[in-house]
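Participant: One structure, as structure tokens, below. Some questions next.
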Amino acid sequence: MRAVVQRVKEAAVRVEGEIVGKINQGLLVLICAEEGDEDSQADYFARKIAAMRIFSDENGKMNKSVKDINGSILVVSQFTLAADWKKGNRPGFSKAASPDEGCRLYEYFVQKIKEEGLPVQTGQFAADMQVSLVNDGPITIPMEG
């Protein structure tokens, strides 16, 4: 599983020009299931992301989680995080989970984030999406595992 977590002041995702998910302060999570990934990885990512202390406290130190600041999470599926870019000039995506398994794990991850008690918005799995954001910091954390 791979994710890119971005601390945002706001973020939105559109499909065919219509906003399907939008948050104010919180986290934009781009997530990709890879071949062989299991529910336990999604469980781990959800726990870690919900508890990740990347928001500033009263002293300006990154000491607060998205829960602590009453933020929200926007989760967007992005199979291109599984890109193999080392050979040739066109990335390959054979490491990504199959569409059916990728969708199942994406929905499972979204449910686990919701179970962490956080407001969650989502993109639309396998759609052509346009994502806009104001990255706060900028703070961007790549995750894999």
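So you can find residues: chains in the structure tokens are A, B, ... in the order shown, residues in each start at 1, and ligands are numbered from 1 in order.
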Give me every alpha helix (DSSP H) residue in chain A, going by DSSP on the backbone, as an NGL selection string.
Facilitator: :A and (39-51 or 99-115)
Participant: Hey, what does DSSP flag as strand (DSSP E) within chain A? Can you give it to me as a PyMOL selection string?
Facilitator: chain A and resi 2-15+18-23+26-32+55-56+62-64+72-77+120-122+129-144
Participant: Within 9 Å of range 61-70 of chain A, counting only C-alpha atoms, which residues show up once you throw out same-chain ones fewer than 3 positions away? Write them as a list in words, please.
Facilitator: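 These residues fall inside the cut-off: Arg7, Gln25, Gly26, Leu27, Ile49, Ala50, Ala51, Met52, Arg53, Ile54, Phe55, Ser56, Asp57, Glu58, Ile73, Glu116, Gly117, Leu118 and Pro119 of chain A.
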Participant: I want to know what sits within 8 Å of range 86-97 of chain A, based on only C-alpha atoms, with residues of the same chain fewer than 4 positions away left out; could you give that as a list in words?
Facilitator: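 Residues near the query, excluding close chain neighbours: Cys32, Ala33, Glu34, Glu35, Gly36, Asp37, Phe79, Thr80, Ala82, Glu101 and Gly102 of chain A.
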Participant: So how many Å separate CA of Trp85 in chain A and CA of Ala3 in chain A, to one decimal?
Facilitator: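 Result for CA of Trp85 in chain A versus CA of Ala3 in chain A: 17.0 Å, one decimal.
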Participant: Using only C-alpha atoms, which protein or nucleic acid residues come within 9 Å of Pro142 in chain A? Drop anything in the same chain fewer than 6 positions from it, and give the result as a VMD selection string.
Facilitator: chain A and resid 2 to 6
Participant: Just to confirm, what's the straight-line distance from CA of Val15 in chain A to CA of Phe125 in chain A in Å (one decimal)?
Facilitator: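 Distance reported for this atom pair: 10.4 Å.
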Participant: I'd like to know which of A:Gly60, A:Gly71, A:Gly145, A:Pro99 is closest to Ala127 in chain A, using only C-alpha atoms.
Facilitator: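 Result for the nearest residue to Ala127 in chain A: A:Pro99.
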Participant: Considering only C-alpha atoms, state which residue in the set A:Glu107, A:Asp84, A:Asp136, A:Asp128 is at the smallest distance from Asp39 in chain A.
Facilitator: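 Using only C-alpha atoms, the shortest distance to Asp39 in chain A belongs to A:Glu107.
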Participant: Which is closer to Glu144 in chain A than all the others in A:Gly17, A:Thr122, A:Ala42, A:Lys22, using only C-alpha atoms?
Facilitator: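 The answer is A:Ala42, which sits nearest to Glu144 in chain A.
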Participant: Considering only C-alpha atoms, return as a list in words whatever protein or nucleic-acid residues lie within 10 Å of Tyr108 in chain A, sequence-local ones (same chain, fewer than 4 positions apart) excluded.
Facilitator: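 Returned residues: Asp39, Ala42, Asp43, Ala46, Gly102, Cys103, Arg104, Lys112, Ile113 and Lys114 of chain A.
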Participant: Could you save those same residues with N, CA and C atoms as an mmCIF file, in the first residue's frame?
Facilitator:
```
data_model
loop_
_atom_site.group_PDB
_atom_site.id
_atom_site.type_symbol
_atom_site.label_atom_id
_atom_site.label_comp_id
_atom_site.auth_asym_id
_atom_site.auth_seq_id
_atom_site.Cartn_x
_atom_site.Cartn_y
_atom_site.Cartn_z
ATOM 1 N N ASP A 39 -6.028 -6.287 4.204
ATOM 2 C CA ASP A 39 -6.770 -5.382 5.082
ATOM 3 C C ASP A 39 -5.895 -4.828 6.201
ATOM 4 N N ALA A 42 -4.259 -1.590 5.360
ATOM 5 C CA ALA A 42 -5.198 -0.469 5.390
ATOM 6 C C ALA A 42 -5.510 -0.074 6.832
ATOM 7 N N ASP A 43 -5.651 -1.063 7.717
ATOM 8 C CA ASP A 43 -5.868 -0.786 9.139
ATOM 9 C C ASP A 43 -4.722 0.063 9.687
ATOM 10 N N ALA A 46 -4.647 3.663 8.270
ATOM 11 C CA ALA A 46 -5.725 4.487 8.835
ATOM 12 C C ALA A 46 -5.360 4.955 10.245
ATOM 13 N N GLY A 102 -8.468 -3.271 -5.757
ATOM 14 C CA GLY A 102 -8.122 -1.892 -5.429
ATOM 15 C C GLY A 102 -9.320 -1.126 -4.886
ATOM 16 N N CYS A 103 -10.480 -1.301 -5.510
ATOM 17 C CA CYS A 103 -11.706 -0.642 -5.050
ATOM 18 C C CYS A 103 -12.105 -1.150 -3.674
ATOM 19 N N ARG A 104 -12.023 -2.456 -3.473
ATOM 20 C CA ARG A 104 -12.391 -3.034 -2.179
ATOM 21 C C ARG A 104 -11.501 -2.469 -1.070
ATOM 22 N N LYS A 112 -12.257 2.530 7.600
ATOM 23 C CA LYS A 112 -11.366 2.530 8.769
ATOM 24 C C LYS A 112 -11.047 3.952 9.220
ATOM 25 N N ILE A 113 -10.862 4.862 8.292
ATOM 26 C CA ILE A 113 -10.640 6.272 8.647
ATOM 27 C C ILE A 113 -11.883 6.821 9.348
ATOM 28 N N LYS A 114 -13.064 6.490 8.831
ATOM 29 C CA LYS A 114 -14.308 6.939 9.474
ATOM 30 C C LYS A 114 -14.413 6.386 10.888
#
```
